[in-house]
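> Submitted below is the structure of interest, expressed as structure tokens.
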Amino acid sequence: MKITAYIILGLIGLVLVLFFILGRQSQKGSAPGLVDGKLAPCSSKPNCVSSEENVPARAQIALLSGDKWGALKDAIIAQGGTITNDDGDYIAAEFRSKLFGFVDDVEVRLDGDHIHIRSSSRVGYSDRGVNRARVEALRTALS
């Protein structure tokens, strides 16, 4: 019985160390930026949402209204994001998780009367809906 408890505690410790390492790894990257004038496509992993065309159905999210561009940076900062790039019609920001420091990138680009948005985790497979919830929270803050 004691050996089983030690094994379980060891496995829990190992998982925690792995999460810590992944969190550190995610802090070394940066947002993908624009690809041919558009936000980078989402990968096949379920940890990204985007309003750009030709994304998988599970990753699609609605555009934001372009008249909210002026308030967008403040909304990102108010929700805990850090602006890392602002080129006039493109903004990149980082959001870090509190416990392990996992970094998610939020990127937006102004496209006429619309704002395209992409939110994606840098590491890991699933985000458990965090990126979609973040975009919807930004949409609510802007309305």
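As shown in the structure tokens, the chain order sets the letters A, B, ...; within each chain, residues go from 1, and ligands are also counted from 1 in the order they appear.
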Could you name the residues that touch Ser30 (chain A) at 10 Å or less, counting only C-alpha atoms, but leaving out those on the same chain fewer than 2 positions away, as a list of chain:residue names?
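My list of contacting residues is A:Ser26, A:Gln27, A:Lys28, A:Pro32, A:Gly33, A:Thr84, A:Ala92, A:Ala93, A:Glu94, A:Val103, A:Asp104, A:Asp105, A:Arg122.
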> Neighbours of region 111-115 of chain A within 10 Å (only C-alpha atoms; same-chain residues fewer than 2 positions away dropped), as a CSV table (one decimal) with N, CA and C atoms, in the first residue's frame?

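Saved result, around.csv, follows:
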```csv
chain,number,residue,atom,x,y,z
A,37,GLY,N,-0.3,38.6,-45.6
A,37,GLY,CA,-1.2,39.6,-45.2
A,37,GLY,C,-2.4,39.2,-44.4
A,38,LYS,N,-2.4,37.9,-44.0
A,38,LYS,CA,-3.5,37.4,-43.1
A,38,LYS,C,-2.9,36.7,-41.9
A,51,SER,N,-10.8,33.9,-37.1
A,51,SER,CA,-11.8,34.4,-37.9
A,51,SER,C,-11.5,34.4,-39.4
A,52,GLU,N,-10.2,34.0,-39.7
A,52,GLU,CA,-9.8,34.0,-41.1
A,52,GLU,C,-10.5,32.9,-41.9
A,62,ALA,N,-16.3,34.2,-35.1
A,62,ALA,CA,-16.8,35.4,-35.8
A,62,ALA,C,-15.8,36.5,-35.7
A,63,LEU,N,-15.9,37.3,-36.8
A,63,LEU,CA,-15.1,38.6,-36.8
A,63,LEU,C,-15.5,39.5,-35.8
A,64,LEU,N,-14.7,40.5,-35.5
A,64,LEU,CA,-15.1,41.6,-34.6
A,64,LEU,C,-15.4,42.8,-35.5
A,65,SER,N,-16.2,43.7,-34.9
A,65,SER,CA,-16.5,44.9,-35.7
A,65,SER,C,-15.3,45.9,-35.8
A,66,GLY,N,-15.0,46.4,-37.0
A,66,GLY,CA,-13.9,47.3,-37.2
A,66,GLY,C,-14.0,48.6,-36.5
A,67,ASP,N,-15.2,49.0,-36.1
A,67,ASP,CA,-15.3,50.3,-35.4
A,67,ASP,C,-14.8,50.2,-34.0
A,68,LYS,N,-14.5,49.0,-33.5
A,68,LYS,CA,-13.9,48.8,-32.2
A,68,LYS,C,-12.4,48.8,-32.1
A,69,TRP,N,-11.8,49.0,-33.2
A,69,TRP,CA,-10.3,49.0,-33.3
A,69,TRP,C,-9.6,49.9,-32.2
A,72,LEU,N,-9.6,48.2,-28.8
A,72,LEU,CA,-9.2,46.9,-28.7
A,72,LEU,C,-7.9,46.7,-27.8
A,89,ASP,N,-2.2,48.4,-38.2
A,89,ASP,CA,-3.4,47.6,-38.5
A,89,ASP,C,-3.2,46.2,-38.1
A,90,TYR,N,-2.2,45.9,-37.3
A,90,TYR,CA,-1.9,44.6,-36.7
A,90,TYR,C,-1.5,44.7,-35.3
A,108,VAL,N,-4.6,40.3,-33.9
A,108,VAL,CA,-5.7,40.9,-34.6
A,108,VAL,C,-5.2,41.7,-35.8
A,109,ARG,N,-6.0,41.8,-36.8
A,109,ARG,CA,-5.7,42.6,-37.9
A,109,ARG,C,-6.9,43.3,-38.4
A,117,ILE,N,-9.4,38.0,-35.9
A,117,ILE,CA,-8.7,37.7,-34.7
A,117,ILE,C,-8.3,36.2,-34.6
```
> Closest to Phe102 (chain A) among A:Leu11, A:Ala141, A:Leu34, A:Val123, using only C-alpha atoms?
A:Val123
> Using DSSP on the backbone coordinates, identify all residues within region 70-139 of chain A classified as helix (DSSP H, G or I); present the result as a list in words.
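Answer for region 70-139 of chain A, restricted to helix (DSSP H, G or I): Gly70, Ala71, Leu72, Lys73, Asp74, Ala75, Ile76, Ile77, Ala78, Val130, Asn131, Arg132, Ala133, Arg134, Val135, Glu136, Ala137, Leu138 and Arg139 of chain A.
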> When you look at region 126-129 of chain A with a cut-off of 10 Å (counting only C-alpha atoms), what residues show up, excluding the ones that are within fewer than 4 positions of it in the same chain? I need them as a count of residues only.
10
> Can you list, as an mmCIF file with N, CA and C atoms, in the first residue's frame, every protein, DNA or RNA residue that comes within 7 Å of Ser50 (chain A) when you count only C-alpha atoms, leaving out same-chain residues fewer than 6 positions away?

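Written out: selection_2.cif:
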```cif
data_model
loop_
_atom_site.group_PDB
_atom_site.id
_atom_site.type_symbol
_atom_site.label_atom_id
_atom_site.label_comp_id
_atom_site.auth_asym_id
_atom_site.auth_seq_id
_atom_site.Cartn_x
_atom_site.Cartn_y
_atom_site.Cartn_z
ATOM 1 N N ALA A 59 -12.379 25.497 -35.391
ATOM 2 C CA ALA A 59 -11.541 26.646 -35.043
ATOM 3 C C ALA A 59 -12.154 27.979 -35.470
ATOM 4 N N GLN A 60 -13.272 27.950 -36.189
ATOM 5 C CA GLN A 60 -13.874 29.185 -36.685
ATOM 6 C C GLN A 60 -14.490 29.993 -35.561
ATOM 7 N N ILE A 61 -14.310 31.307 -35.681
ATOM 8 C CA ILE A 61 -14.922 32.245 -34.740
ATOM 9 C C ILE A 61 -15.298 33.492 -35.527
ATOM 10 N N ILE A 117 -9.383 38.026 -35.932
ATOM 11 C CA ILE A 117 -8.741 37.696 -34.660
ATOM 12 C C ILE A 117 -8.326 36.242 -34.649
ATOM 13 N N ARG A 118 -7.205 35.985 -34.011
ATOM 14 C CA ARG A 118 -6.686 34.624 -33.849
ATOM 15 C C ARG A 118 -6.161 34.509 -32.431
ATOM 16 N N SER A 119 -6.527 33.455 -31.741
ATOM 17 C CA SER A 119 -6.025 33.191 -30.394
ATOM 18 C C SER A 119 -5.583 31.738 -30.352
#
```
> Select from region 31-89 of chain A everything DSSP, run on the backbone, classes as strand (DSSP E), then give the selection as a ChimeraX atom specification.
/A:34-35,38-39,48-50,64-65,82-86
> Could you tell me which of A:Ile12, A:Gly124, A:Arg132, A:Glu107 comes closest to Pro41 (chain A) if we count only C-alpha atoms?
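Looking at the shortest contact to Pro41 (chain A), the residue is A:Glu107.
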> Using only C-alpha atoms, which of A:Val135, A:Ala71, A:Asp87, A:Val106 sits nearest Ala40 (chain A)?
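Counting only C-alpha atoms, the residue closest to Ala40 (chain A) is A:Val106.
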